[in-house]
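One file, run.cif, carrying mmCIF, C-alpha atoms and all ligand atoms:
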data_data
loop_
_atom_site.label_atom_id
_atom_site.label_comp_id
_atom_site.auth_asym_id
_atom_site.auth_seq_id
_atom_site.Cartn_x
_atom_site.Cartn_y
_atom_site.Cartn_z
CA MET A 286 0.46 -11.32 -12.61
CA PRO A 287 2.72 -9.52 -10.12
CA THR A 288 4.59 -11.61 -7.57
CA VAL A 289 3.03 -11.74 -4.10
CA TYR A 290 4.92 -13.22 -1.15
CA TYR A 291 3.31 -14.95 1.82
CA ASP A 292 4.63 -16.50 5.04
CA ALA A 293 5.60 -19.67 3.18
CA ASP A 294 7.94 -17.63 0.93
CA ALA A 295 9.63 -15.72 3.73
CA SER A 296 11.93 -16.95 6.49
CA LEU A 297 13.12 -15.03 9.54
CA GLU A 298 16.42 -16.93 9.36
CA PRO A 299 18.28 -14.37 7.16
CA LEU A 300 18.10 -11.94 10.10
CA ALA A 301 19.15 -14.44 12.79
CA GLY A 302 21.72 -12.78 15.03
CA ALA A 303 21.31 -9.41 13.29
CA THR A 304 20.74 -6.16 15.16
CA VAL A 305 17.72 -4.39 13.70
CA SER A 306 17.75 -0.65 14.42
CA VAL A 307 14.47 1.18 14.05
CA LEU A 308 15.01 4.91 13.68
CA GLY A 309 11.92 6.86 14.72
CA TYR A 310 9.30 5.66 17.20
CA GLY A 311 6.20 7.24 15.65
CA ASN A 312 3.32 5.68 13.71
CA GLN A 313 5.27 3.02 11.84
CA GLY A 314 8.37 2.97 14.04
CA ARG A 315 6.59 1.88 17.21
CA ALA A 316 4.41 -0.71 15.47
CA GLN A 317 7.25 -2.25 13.47
CA ALA A 318 9.72 -2.26 16.38
CA LEU A 319 7.21 -4.05 18.63
CA ASN A 320 6.23 -6.55 15.94
CA LEU A 321 9.85 -7.37 15.06
CA ARG A 322 10.71 -7.84 18.73
CA ASP A 323 7.71 -10.11 19.21
CA SER A 324 8.92 -12.08 16.17
CA GLY A 325 12.14 -12.79 18.07
CA MET A 326 14.43 -10.20 16.50
CA SER A 327 17.02 -8.18 18.36
CA VAL A 328 15.62 -4.64 18.04
CA VAL A 329 17.27 -1.34 18.95
CA VAL A 330 15.35 1.95 18.83
CA GLY A 331 16.96 5.23 17.82
CA ASN A 332 15.21 8.48 18.71
CA LEU A 333 15.80 11.95 20.10
CA ASP A 334 15.35 12.12 23.87
CA ASP A 335 11.71 13.32 23.99
CA ASP A 336 8.11 12.08 24.18
CA TYR A 337 8.56 9.38 21.55
CA ALA A 338 11.62 8.14 23.43
CA ARG A 339 9.59 8.02 26.64
CA GLN A 340 7.02 5.84 24.87
CA ALA A 341 9.84 3.55 23.72
CA HIS A 342 11.06 3.33 27.35
CA GLU A 343 7.54 2.43 28.49
CA ASP A 344 7.46 -0.31 25.85
CA GLY A 345 10.66 -1.79 27.25
CA PHE A 346 13.22 -0.41 24.79
CA ASP A 347 16.28 1.59 25.74
CA PRO A 348 16.29 4.28 23.03
CA LEU A 349 19.65 5.45 21.74
CA PRO A 350 20.72 8.60 19.92
CA LEU A 351 20.12 8.16 16.17
CA ALA A 352 23.80 7.90 15.23
CA GLU A 353 24.47 5.29 17.92
CA ALA A 354 21.51 3.19 16.80
CA ALA A 355 22.80 3.42 13.23
CA ARG A 356 26.28 2.36 14.32
CA ARG A 357 24.89 -0.78 15.97
CA ALA A 358 22.67 -1.70 13.01
CA ASP A 359 23.08 -4.64 10.68
CA VAL A 360 19.63 -3.73 9.42
CA LEU A 361 18.25 -0.20 9.70
CA LEU A 362 14.60 0.78 9.26
CA LEU A 363 14.36 4.52 8.56
CA LEU A 364 10.90 5.29 10.00
CA ILE A 365 10.93 9.06 10.40
CA PRO A 366 8.87 11.53 8.31
CA ASP A 367 9.83 11.50 4.63
CA GLU A 368 10.65 15.21 4.52
CA VAL A 369 13.46 14.89 7.11
CA GLN A 370 14.88 11.56 5.97
CA ALA A 371 17.51 12.90 3.55
CA GLU A 372 19.02 15.24 6.14
CA VAL A 373 18.97 12.63 8.94
CA TYR A 374 20.34 9.98 6.59
CA ALA A 375 23.31 12.13 5.56
CA ARG A 376 24.09 13.26 9.12
CA ASP A 377 23.22 10.38 11.43
CA VAL A 378 22.93 7.24 9.32
CA ALA A 379 25.27 7.05 6.31
CA PRO A 380 28.51 7.71 8.25
CA HIS A 381 27.74 4.85 10.65
CA LEU A 382 26.62 2.03 8.36
CA ASP A 383 29.08 -0.63 7.18
CA ARG A 384 29.35 -2.44 3.86
CA GLY A 385 26.77 -5.21 3.75
CA ASP A 386 24.32 -3.51 6.10
CA LEU A 387 20.73 -3.25 4.93
CA LEU A 388 18.69 -0.06 4.76
CA CYS A 389 14.91 -0.44 4.69
CA PHE A 390 12.28 2.19 3.84
CA ALA A 391 8.54 2.13 4.45
CA HIS A 392 7.92 4.40 1.44
CA GLY A 393 9.84 4.55 -1.84
CA TYR A 394 9.64 8.33 -2.24
CA ASN A 395 13.11 9.57 -1.24
CA VAL A 396 15.02 6.86 -3.07
CA ALA A 397 12.75 6.94 -6.13
CA PHE A 398 13.18 10.68 -6.63
CA GLY A 399 16.91 10.76 -5.84
CA HIS A 400 16.83 12.55 -2.49
CA ILE A 401 18.68 9.67 -0.86
CA VAL A 402 21.41 7.88 -2.79
CA ALA A 403 22.73 5.07 -0.62
CA GLU A 404 26.36 3.94 -0.70
CA THR A 405 26.94 1.13 -3.20
CA GLY A 406 27.97 -1.36 -0.49
CA LEU A 407 24.56 -1.28 1.15
CA ASP A 408 21.46 -3.32 0.45
CA VAL A 409 18.47 -1.01 -0.03
CA VAL A 410 14.96 -2.43 0.26
CA MET A 411 11.40 -1.30 0.83
CA VAL A 412 8.63 -2.80 2.95
CA ALA A 413 5.81 -0.30 2.58
CA PRO A 414 2.73 -1.26 4.61
CA ARG A 415 -0.65 -0.36 3.19
CA MET A 416 -1.85 0.21 6.73
CA ILE A 417 -1.48 2.95 9.31
CA GLY A 418 0.89 2.22 12.18
CA ALA A 419 -1.83 1.50 14.75
CA GLY A 420 -3.29 -1.10 12.38
CA VAL A 421 0.15 -2.66 11.79
CA ARG A 422 0.41 -3.33 15.50
CA GLN A 423 -3.22 -4.22 16.18
CA ARG A 424 -3.45 -6.75 13.38
CA PHE A 425 -0.16 -8.34 14.37
CA VAL A 426 -1.39 -8.81 17.94
CA GLU A 427 -4.67 -10.26 16.67
CA GLY A 428 -2.75 -12.76 14.54
CA ARG A 429 -3.88 -11.09 11.33
CA GLY A 430 -1.85 -9.53 8.54
CA PHE A 431 -1.86 -6.41 6.40
CA PRO A 432 -0.61 -6.07 2.82
CA SER A 433 2.58 -4.24 1.81
CA LEU A 434 4.39 -3.28 -1.35
CA VAL A 435 7.97 -4.57 -1.25
CA GLY A 436 11.00 -4.16 -3.46
CA VAL A 437 14.77 -4.30 -3.73
CA HIS A 438 16.44 -1.15 -5.01
CA GLN A 439 20.05 -2.21 -4.48
CA ASP A 440 21.47 -5.66 -3.80
CA ALA A 441 25.10 -5.39 -2.73
CA THR A 442 25.27 -8.65 -0.79
CA GLY A 443 23.09 -11.01 -2.79
CA ARG A 444 20.95 -11.30 0.37
CA ALA A 445 18.81 -8.19 -0.01
CA HIS A 446 15.70 -10.00 -1.18
CA ALA A 447 15.76 -12.66 1.52
CA ARG A 448 16.40 -10.05 4.22
CA MET A 449 13.60 -7.85 2.88
CA LEU A 450 11.18 -10.77 3.13
CA ALA A 451 12.42 -11.51 6.66
CA ILE A 452 11.48 -7.97 7.69
CA ALA A 453 8.11 -8.30 5.95
CA ARG A 454 7.48 -11.55 7.79
CA GLY A 455 8.74 -10.15 11.10
CA ILE A 456 6.30 -7.24 11.04
CA GLY A 457 3.46 -9.62 10.11
CA SER A 458 2.86 -8.46 6.56
CA THR A 459 3.50 -11.73 4.69
CA ARG A 460 0.50 -13.15 6.60
CA ALA A 461 -1.66 -11.09 4.21
CA GLY A 462 0.66 -10.81 1.18
CA CYS A 463 3.49 -8.57 -0.04
CA LEU A 464 3.35 -7.45 -3.66
CA GLU A 465 6.69 -6.84 -5.36
CA CYS A 466 7.20 -3.56 -7.20
CA THR A 467 9.81 -0.83 -7.71
CA PHE A 468 10.35 2.05 -5.30
CA ARG A 469 9.25 4.38 -8.08
CA ASP A 470 5.96 2.54 -8.66
CA GLU A 471 5.16 2.38 -4.94
CA ALA A 472 5.82 6.10 -4.53
CA THR A 473 3.85 6.94 -7.66
CA LEU A 474 0.82 4.89 -6.59
CA ASP A 475 0.86 6.48 -3.15
CA LEU A 476 1.19 10.04 -4.48
CA PHE A 477 -1.48 9.42 -7.10
CA THR A 478 -3.96 8.26 -4.47
CA GLU A 479 -3.21 11.33 -2.37
CA GLN A 480 -3.20 13.84 -5.22
CA ALA A 481 -5.79 12.55 -7.70
CA PHE A 482 -8.19 10.11 -6.06
CA GLY A 483 -8.33 11.87 -2.67
CA PRO A 484 -9.03 15.37 -4.02
CA ALA A 485 -11.59 14.02 -6.52
CA MET A 486 -13.42 12.28 -3.66
CA GLY A 487 -13.11 15.49 -1.62
CA ALA A 488 -14.60 17.55 -4.44
CA ALA A 489 -17.54 15.15 -4.76
CA MET A 490 -18.08 15.27 -1.00
CA ARG A 491 -17.93 19.09 -0.96
CA ALA A 492 -20.37 19.39 -3.85
CA ALA A 493 -22.80 17.01 -2.14
CA ILE A 494 -22.63 18.84 1.22
CA GLU A 495 -23.11 22.23 -0.39
CA THR A 496 -26.01 20.96 -2.51
CA LEU A 497 -27.82 19.59 0.54
CA ILE A 498 -27.15 22.59 2.82
CA GLU A 499 -28.13 25.09 0.13
CA ALA A 500 -31.35 23.07 -0.29
CA GLY A 501 -32.12 23.66 3.40
CA PHE A 502 -30.98 20.44 5.07
CA PRO A 503 -29.32 20.96 8.46
CA PRO A 504 -25.55 20.38 8.28
CA GLU A 505 -25.83 17.69 10.99
CA ALA A 506 -28.18 15.66 8.78
CA ALA A 507 -26.16 16.22 5.59
CA LEU A 508 -22.83 15.22 7.15
CA LEU A 509 -24.37 12.27 8.94
CA GLU A 510 -25.91 11.01 5.72
CA LEU A 511 -22.74 11.43 3.68
CA TYR A 512 -19.99 10.13 5.96
CA LEU A 513 -20.26 10.84 9.68
CA SER A 514 -22.46 7.83 10.40
CA GLY A 515 -19.61 5.54 9.30
CA GLU A 516 -21.88 3.80 6.75
CA LEU A 517 -19.68 4.93 3.86
CA SER A 518 -16.47 3.70 5.48
CA TYR A 519 -18.19 0.41 6.36
CA SER A 520 -19.26 -0.01 2.72
CA LEU A 521 -15.68 0.65 1.58
CA GLU A 522 -14.43 -1.95 4.06
CA LYS A 523 -16.92 -4.40 2.61
CA ALA A 524 -15.81 -3.44 -0.91
CA ALA A 525 -12.23 -4.34 0.06
CA GLU A 526 -13.43 -7.64 1.49
CA LEU A 527 -16.07 -8.72 -1.05
CA GLY A 528 -15.39 -6.58 -4.12
CA MET A 529 -16.89 -3.26 -5.22
CA VAL A 530 -19.74 -4.87 -7.21
CA ALA A 531 -20.47 -7.69 -4.75
CA GLN A 532 -20.90 -5.27 -1.83
CA TRP A 533 -23.83 -3.69 -3.69
CA GLU A 534 -25.86 -6.70 -2.59
CA LEU A 535 -25.67 -5.36 0.97
CA HIS A 536 -27.69 -2.30 -0.09
CA SER A 537 -31.41 -2.09 -0.79
CA HIS A 538 -32.80 -2.56 -4.30
CA THR A 539 -33.89 1.09 -4.32
CA SER A 540 -30.32 2.09 -3.54
CA GLN A 541 -28.89 -0.21 -6.20
CA TYR A 542 -31.36 0.95 -8.88
CA GLY A 543 -30.81 4.64 -8.11
CA SER A 544 -27.03 4.32 -8.10
CA MET A 545 -26.81 2.33 -11.29
CA THR A 546 -29.18 4.48 -13.32
CA ARG A 547 -27.73 7.82 -12.14
CA SER A 548 -24.06 6.85 -12.53
CA ALA A 549 -24.22 7.67 -16.24
CA ARG A 550 -24.98 11.32 -15.43
CA PHE A 551 -21.49 11.70 -14.01
CA ALA A 552 -19.69 9.71 -16.69
CA ASP A 553 -18.78 12.71 -18.84
CA LEU A 554 -16.77 14.55 -16.14
CA ASP A 555 -13.20 15.01 -17.32
CA LEU A 556 -11.85 13.32 -14.19
CA LYS A 557 -9.63 10.93 -16.11
CA GLU A 558 -7.90 13.68 -18.09
CA ARG A 559 -7.11 15.56 -14.89
CA MET A 560 -5.93 12.39 -13.19
CA LYS A 561 -3.66 11.54 -16.13
CA ALA A 562 -2.08 15.00 -15.88
CA ILE A 563 -1.44 14.51 -12.17
CA LEU A 564 0.04 11.06 -12.81
CA GLU A 565 2.36 12.54 -15.44
CA GLU A 566 3.46 15.30 -13.04
CA ILE A 567 4.35 12.67 -10.44
CA ARG A 568 6.12 10.37 -12.91
CA SER A 569 8.22 13.16 -14.40
CA GLY A 570 9.51 14.11 -10.95
CA GLY A 571 7.77 17.48 -11.27
CA PHE A 572 5.84 17.07 -8.02
CA ALA A 573 8.95 15.94 -6.10
CA ARG A 574 10.88 19.01 -7.36
CA GLU A 575 7.97 21.31 -6.45
CA TRP A 576 7.74 19.85 -2.91
CA GLN A 577 11.53 20.15 -2.43
CA ALA A 578 11.39 23.81 -3.49
CA GLU A 579 8.43 24.44 -1.18
CA GLN A 580 10.34 22.99 1.79
CA ALA A 581 13.47 24.98 0.92
CA ALA A 582 11.38 28.18 0.84
CA GLY A 583 9.99 27.54 4.36
CA LEU A 584 6.63 26.01 3.32
CA PRO A 585 4.74 29.21 2.34
CA VAL A 586 2.01 27.45 0.31
CA PHE A 587 1.67 24.60 2.81
CA LYS A 588 1.27 26.98 5.74
CA ALA A 589 -1.22 29.23 3.90
CA ALA A 590 -3.32 26.22 2.88
CA LYS A 591 -3.32 24.85 6.45
CA GLU A 592 -4.41 28.28 7.71
CA MET A 593 -7.30 28.36 5.22
CA MET A 594 -8.38 24.87 6.31
CA LYS A 595 -8.70 26.09 9.92
CA HIS A 596 -11.52 28.41 8.84
CA HIS A 597 -13.38 25.89 6.69
CA PRO A 598 -17.12 25.84 7.57
CA MET A 599 -16.94 22.03 7.70
CA ILE A 600 -15.22 22.28 11.07
CA GLU A 601 -18.22 23.99 12.69
CA TRP A 602 -20.70 21.67 10.97
CA GLU A 603 -18.76 18.62 12.08
CA GLU A 604 -18.59 19.87 15.66
CA LYS A 605 -22.38 20.25 15.72
CA ALA A 606 -22.93 16.86 14.16
CA LYS A 607 -20.47 15.11 16.45
CA LYS A 608 -22.20 16.62 19.50
CA ALA A 609 -25.55 15.34 18.26
CA PHE A 610 -24.55 11.68 17.90
CA ARG A 611 -22.61 9.27 20.08
CA ARG A 612 -20.05 6.99 18.46
P1 LIG B 701 5.93 9.81 12.11
O1 LIG B 701 5.56 11.20 11.77
O2 LIG B 701 5.02 9.05 12.99
O3 LIG B 701 7.40 9.83 12.75
C1 LIG B 701 7.62 10.30 13.99
C2 LIG B 701 9.00 9.82 14.40
O4 LIG B 701 10.00 10.48 13.61
C3 LIG B 701 9.27 10.16 15.85
O5 LIG B 701 10.06 9.16 16.41
C4 LIG B 701 10.04 11.47 15.71
O6 LIG B 701 10.88 11.65 16.77
C5 LIG B 701 10.87 11.20 14.47
N1 LIG B 701 11.32 12.43 13.86
C6 LIG B 701 10.55 13.46 13.41
N2 LIG B 701 11.33 14.46 12.92
C7 LIG B 701 12.60 14.04 13.10
C8 LIG B 701 13.87 14.63 12.80
N3 LIG B 701 13.97 15.82 12.20
N4 LIG B 701 14.96 13.94 13.12
C9 LIG B 701 14.89 12.72 13.71
N5 LIG B 701 13.73 12.10 14.02
C10 LIG B 701 12.60 12.76 13.70
O7 LIG B 701 6.29 9.01 10.77
P2 LIG B 701 5.45 7.84 10.10
O8 LIG B 701 5.58 6.63 10.94
O9 LIG B 701 4.11 8.34 9.69
O10 LIG B 701 6.29 7.65 8.75
C11 LIG B 701 7.52 6.96 8.75
C12 LIG B 701 7.70 6.33 7.39
O11 LIG B 701 6.68 5.36 7.20
C13 LIG B 701 7.58 7.31 6.24
O12 LIG B 701 8.48 6.92 5.24
C14 LIG B 701 6.15 7.13 5.78
O13 LIG B 701 5.94 7.47 4.43
C15 LIG B 701 5.99 5.64 5.99
N6 LIG B 701 4.62 5.16 6.12
C16 LIG B 701 3.81 5.73 7.07
C17 LIG B 701 2.53 5.24 7.26
C18 LIG B 701 1.72 5.73 8.43
O14 LIG B 701 1.01 4.93 9.03
N7 LIG B 701 1.79 7.01 8.82
C19 LIG B 701 1.96 4.19 6.40
C20 LIG B 701 2.94 3.59 5.52
C21 LIG B 701 4.20 4.11 5.37
P3 LIG B 701 11.10 13.08 17.46
O15 LIG B 701 9.92 13.94 17.16
O16 LIG B 701 11.26 12.73 18.85
O17 LIG B 701 12.34 13.59 16.82
#

Would you kindly transcribe this structure into structure tokens?
Amino acid sequence: MPTVYYDADASLEPLAGATVSVLGYGNQGRAQALNLRDSGMSVVVGNLDDDYARQAHEDGFDPLPLAEAARRADVLLLLIPDEVQAEVYARDVAPHLDRGDLLCFAHGYNVAFGHIVAETGLDVVMVAPRMIGAGVRQRFVEGRGFPSLVGVHQDATGRAHARMLAIARGIGSTRAGCLECTFRDEATLDLFTEQAFGPAMGAAMRAAIETLIEAGFPPEAALLELYLSGELSYSLEKAAELGMVAQWELHSHTSQYGSMTRSARFADLDLKERMKAILEEIRSGGFAREWQAEQAAGLPVFKAAKEMMKHHPMIEWEEKAKKAFRR
């Protein structure tokens, strides 16, 4: 059984008197900075002087240049996009941190795959919310929690673990539970969901839409039935709350019978073999090397794929369907 930490296991005391610098005021940065401040911590925001900085001003922070925020930090949360972290870390963060400072990530990727190698005198920890930034803030305000994966990569001071849990408690995550794992496992799980589970779901969705439209159903009806009504996402929410099998009871007997008896017809798809191959590619570091090379080359594949997506027929179908129904 993996270790899960709750409020009772985590004290804010290890960060008493510490300056917590949050670099980046985007999805996670804003939510975590606000939550930590509301938990009584002394929070400094580091950001370029632009729209995000204006938002930080509106929220009552006085944003500093990144390097200055790093210089003031006892604890630094690096909450900027993963693909720019290594460059920003080398230029604006590493030169300004002192021995004994703590560096915290919200995703294990860059440390796990060696793009950021922190100085040996630093504590390096991860508090990786399994929740988008807006939810991190909303749930905190509502007095609710959200789960995270947490881990210590480097413990130079002997206080890394306690300080990691203080951050997790300060952002409100230990209210729900923080599961301990390595940076590598967190990154692998996240990439696997994005690269195996997501595309497999997407392929099933595409096949279903095409089947219905080719059979003469209007796109509005097909999309509404499959996901635009929100019934699917509601069922998934219920699955998270009650369990995948238990939530079946919320559906009609016809639905349950049809689903159970037809499931076997899809059992022989070689989904698992493909997923295993993707998992192996992630674990070997092959994906991380490929993505590094893609970025170094100026993102040719990424840009071409985004361009293709712009012309996907789904966009027109969704527009029609969204016009037809109010949310
Ligand atoms: P965002 O894309 O929301 O980050 C935007 C912030 O990063 C802005 O403050 C922006 O400032 C700053 N930024 C962007 N580019 C640069 C740059 N080159 N130099 C300096 N600052 C820059 O990031 P997320 O919050 O989505 O992700 C942050 C971390 O949290 C990542 O590690 C991610 O994996 C993790 N995470 C994210 C989740 C989410 O909800 N999205 C969920 C769980 C984890 P400006 O543009 O002004 O420079």

Counting only C-alpha atoms, note down every residue that has an atom within 10 Å of the point (-8.3, 11.2, -9.3) (file coordinates), as a PDB file with C-alpha atoms, keeping the file's coordinate frame.
ATOM      1  CA  PHE A 477      -1.480   9.420  -7.100  1.00  0.00           C
ATOM      2  CA  THR A 478      -3.960   8.260  -4.470  1.00  0.00           C
ATOM      3  CA  GLU A 479      -3.210  11.330  -2.370  1.00  0.00           C
ATOM      4  CA  GLN A 480      -3.200  13.840  -5.220  1.00  0.00           C
ATOM      5  CA  ALA A 481      -5.790  12.550  -7.700  1.00  0.00           C
ATOM      6  CA  PHE A 482      -8.190  10.110  -6.060  1.00  0.00           C
ATOM      7  CA  GLY A 483      -8.330  11.870  -2.670  1.00  0.00           C
ATOM      8  CA  PRO A 484      -9.030  15.370  -4.020  1.00  0.00           C
ATOM      9  CA  ALA A 485     -11.590  14.020  -6.520  1.00  0.00           C
ATOM     10  CA  MET A 486     -13.420  12.280  -3.660  1.00  0.00           C
ATOM     11  CA  LEU A 556     -11.850  13.320 -14.190  1.00  0.00           C
ATOM     12  CA  LYS A 557      -9.630  10.930 -16.110  1.00  0.00           C
ATOM     13  CA  GLU A 558      -7.900  13.680 -18.090  1.00  0.00           C
ATOM     14  CA  ARG A 559      -7.110  15.560 -14.890  1.00  0.00           C
ATOM     15  CA  MET A 560      -5.930  12.390 -13.190  1.00  0.00           C
ATOM     16  CA  LYS A 561      -3.660  11.540 -16.130  1.00  0.00           C
ATOM     17  CA  ALA A 562      -2.080  15.000 -15.880  1.00  0.00           C
ATOM     18  CA  ILE A 563      -1.440  14.510 -12.170  1.00  0.00           C
ATOM     19  CA  LEU A 564       0.040  11.060 -12.810  1.00  0.00           C
TER      20      LEU A 564
END

Please, which residues in chain A fall within 6 Å of ligand LIG 701 (chain B) when counting all atoms listed in the file, and what is the closest atom pair and distance in Å to one decimal for each, ordered by chain then residue number, as CSV?
residue,atom,partner,partner_atom,distance
A:Gly309,CA,B:LIG701,O5,3.4
A:Tyr310,CA,B:LIG701,O5,3.7
A:Gly311,CA,B:LIG701,O2,3.4
A:Asn312,CA,B:LIG701,O8,3.7
A:Gln313,CA,B:LIG701,O8,3.7
A:Gly314,CA,B:LIG701,O8,5.5
A:Asn332,CA,B:LIG701,O5,5.7
A:Leu333,CA,B:LIG701,O16,4.8
A:Asp335,CA,B:LIG701,O16,5.2
A:Tyr337,CA,B:LIG701,O16,5.1
A:Leu364,CA,B:LIG701,C11,4.0
A:Ile365,CA,B:LIG701,O4,3.6
A:Pro366,CA,B:LIG701,O7,4.4
A:Asp367,CA,B:LIG701,O12,4.8
A:Val369,CA,B:LIG701,N3,5.2
A:Val373,CA,B:LIG701,N4,5.9
A:Ala391,CA,B:LIG701,C15,4.6
A:His392,CA,B:LIG701,O12,4.6
A:Ala413,CA,B:LIG701,C21,5.5
A:Pro414,CA,B:LIG701,C20,4.9
A:Arg415,CA,B:LIG701,C20,5.8
A:Met416,CA,B:LIG701,C19,5.5
A:Ile417,CA,B:LIG701,O14,3.2
A:Gly418,CA,B:LIG701,O14,4.2

* To do: Return the single residue from A:Thr467, A:Ser433, A:Thr405, A:Ser458 that is closest to Leu388 of chain A, with distances computed using all atoms listed in the file.
  => A:Thr405

* To do: Would you please work out which residue, of A:Lys588, A:Arg376, A:His381, A:Arg454, is nearest to Phe425 of chain A when using only C-alpha atoms?
  => A:Arg454

* Kindly provide, as a VMD selection string, the polymer residues lying within 12 Å of (6.0, -2.3, 0.6), counting all atoms listed in the file and using the coordinates exactly as they appear in the file. => chain A and resid 289 to 290 389 to 394 410 to 416 431 to 438 449 to 450 452 to 454 456 458 to 459 462 to 472 474 to 475

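When all atoms listed in the file are used to compute distances to Val402 of chain A, the closest of the residues A:Ser520, A:Gln423, A:Gln439, A:Thr304 turns out to be A:Gln439.
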
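Between atom CA of Met286 of chain A and atom CA of Gly420 of chain A there is a distance of 27.3 Å.
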
Got a sec: who's within 6 Å of segment 597-604 of chain A, counting all atoms listed in the file, leaving out chain neighbours fewer than 3 positions off, as a PDB file with C-alpha atoms, keeping the file's coordinate frame?
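Listing of selection-v3.pdb after writing:
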ATOM      1  CA  PRO A 504     -25.550  20.380   8.280  1.00  0.00           C
ATOM      2  CA  MET A 594      -8.380  24.870   6.310  1.00  0.00           C
ATOM      3  CA  LYS A 607     -20.470  15.110  16.450  1.00  0.00           C
TER       4      LYS A 607
END

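The nearest approach to Glu566 of chain A among the residues A:Ala578, A:Leu476, A:Ala355, A:Val329, with only C-alpha atoms taken into account, belongs to A:Leu476.
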
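Proximity to Val307 of chain A was assessed for A:Ala293, A:Glu510, A:Asp334, A:Leu349 counting all atoms listed in the file; the smallest distance is recorded for A:Leu349.
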
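Nearest-residue note for Trp533 of chain A: choosing from A:Leu521, A:Asp294, A:Ala488, A:Arg574, the minimum distance belongs to A:Leu521, counting only C-alpha atoms.
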
* Atomic distance atom CA of Phe346 of chain A - atom CA of Val305 of chain A, expressed in Å with one decimal -> 12.6 Å

* Spatial neighbours of Asp383 of chain A, max dist 9 Å, only C-alpha atoms, sep filter under 4 positions, as an MDAnalysis selection string -> chainID A and resid 356 358:359 379 406:407

Give me segment 403-414 of chain A with N, CA, C and O atoms filled in, as a PDB file, in the frame of the given file.
ATOM      1  N   ALA A 403      21.980   5.856  -1.619  1.00  0.00           N
ATOM      2  CA  ALA A 403      22.730   5.070  -0.620  1.00  0.00           C
ATOM      3  C   ALA A 403      24.071   4.627  -1.202  1.00  0.00           C
ATOM      4  O   ALA A 403      24.216   4.454  -2.417  1.00  0.00           O
ATOM      5  N   GLU A 404      25.039   4.428  -0.320  1.00  0.00           N
ATOM      6  CA  GLU A 404      26.360   3.940  -0.700  1.00  0.00           C
ATOM      7  C   GLU A 404      26.211   2.594  -1.414  1.00  0.00           C
ATOM      8  O   GLU A 404      25.331   1.797  -1.063  1.00  0.00           O
ATOM      9  N   THR A 405      27.109   2.329  -2.369  1.00  0.00           N
ATOM     10  CA  THR A 405      26.940   1.130  -3.200  1.00  0.00           C
ATOM     11  C   THR A 405      27.105  -0.172  -2.423  1.00  0.00           C
ATOM     12  O   THR A 405      26.607  -1.210  -2.846  1.00  0.00           O
ATOM     13  N   GLY A 406      27.767  -0.128  -1.271  1.00  0.00           N
ATOM     14  CA  GLY A 406      27.970  -1.360  -0.490  1.00  0.00           C
ATOM     15  C   GLY A 406      26.777  -1.769   0.344  1.00  0.00           C
ATOM     16  O   GLY A 406      26.800  -2.808   1.012  1.00  0.00           O
ATOM     17  N   LEU A 407      25.731  -0.969   0.327  1.00  0.00           N
ATOM     18  CA  LEU A 407      24.560  -1.280   1.150  1.00  0.00           C
ATOM     19  C   LEU A 407      23.479  -1.979   0.349  1.00  0.00           C
ATOM     20  O   LEU A 407      23.322  -1.716  -0.849  1.00  0.00           O
ATOM     21  N   ASP A 408      22.708  -2.822   1.018  1.00  0.00           N
ATOM     22  CA  ASP A 408      21.460  -3.320   0.450  1.00  0.00           C
ATOM     23  C   ASP A 408      20.391  -2.269   0.739  1.00  0.00           C
ATOM     24  O   ASP A 408      20.346  -1.740   1.863  1.00  0.00           O
ATOM     25  N   VAL A 409      19.543  -1.988  -0.238  1.00  0.00           N
ATOM     26  CA  VAL A 409      18.470  -1.010  -0.030  1.00  0.00           C
ATOM     27  C   VAL A 409      17.147  -1.641  -0.435  1.00  0.00           C
ATOM     28  O   VAL A 409      16.975  -2.043  -1.596  1.00  0.00           O
ATOM     29  N   VAL A 410      16.245  -1.762   0.525  1.00  0.00           N
ATOM     30  CA  VAL A 410      14.960  -2.430   0.260  1.00  0.00           C
ATOM     31  C   VAL A 410      13.801  -1.586   0.791  1.00  0.00           C
ATOM     32  O   VAL A 410      14.009  -0.625   1.534  1.00  0.00           O
ATOM     33  N   MET A 411      12.618  -1.997   0.394  1.00  0.00           N
ATOM     34  CA  MET A 411      11.400  -1.300   0.830  1.00  0.00           C
ATOM     35  C   MET A 411      10.388  -2.335   1.327  1.00  0.00           C
ATOM     36  O   MET A 411      10.153  -3.350   0.664  1.00  0.00           O
ATOM     37  N   VAL A 412       9.812  -2.062   2.484  1.00  0.00           N
ATOM     38  CA  VAL A 412       8.630  -2.800   2.950  1.00  0.00           C
ATOM     39  C   VAL A 412       7.635  -1.711   3.324  1.00  0.00           C
ATOM     40  O   VAL A 412       7.756  -1.073   4.366  1.00  0.00           O
ATOM     41  N   ALA A 413       6.702  -1.456   2.425  1.00  0.00           N
ATOM     42  CA  ALA A 413       5.810  -0.300   2.580  1.00  0.00           C
ATOM     43  C   ALA A 413       4.403  -0.787   2.927  1.00  0.00           C
ATOM     44  O   ALA A 413       3.622  -1.163   2.035  1.00  0.00           O
ATOM     45  N   PRO A 414       4.051  -0.774   4.222  1.00  0.00           N
ATOM     46  CA  PRO A 414       2.730  -1.260   4.610  1.00  0.00           C
ATOM     47  C   PRO A 414       1.617  -0.414   4.005  1.00  0.00           C
ATOM     48  O   PRO A 414       1.731   0.809   3.946  1.00  0.00           O
TER      49      PRO A 414
END
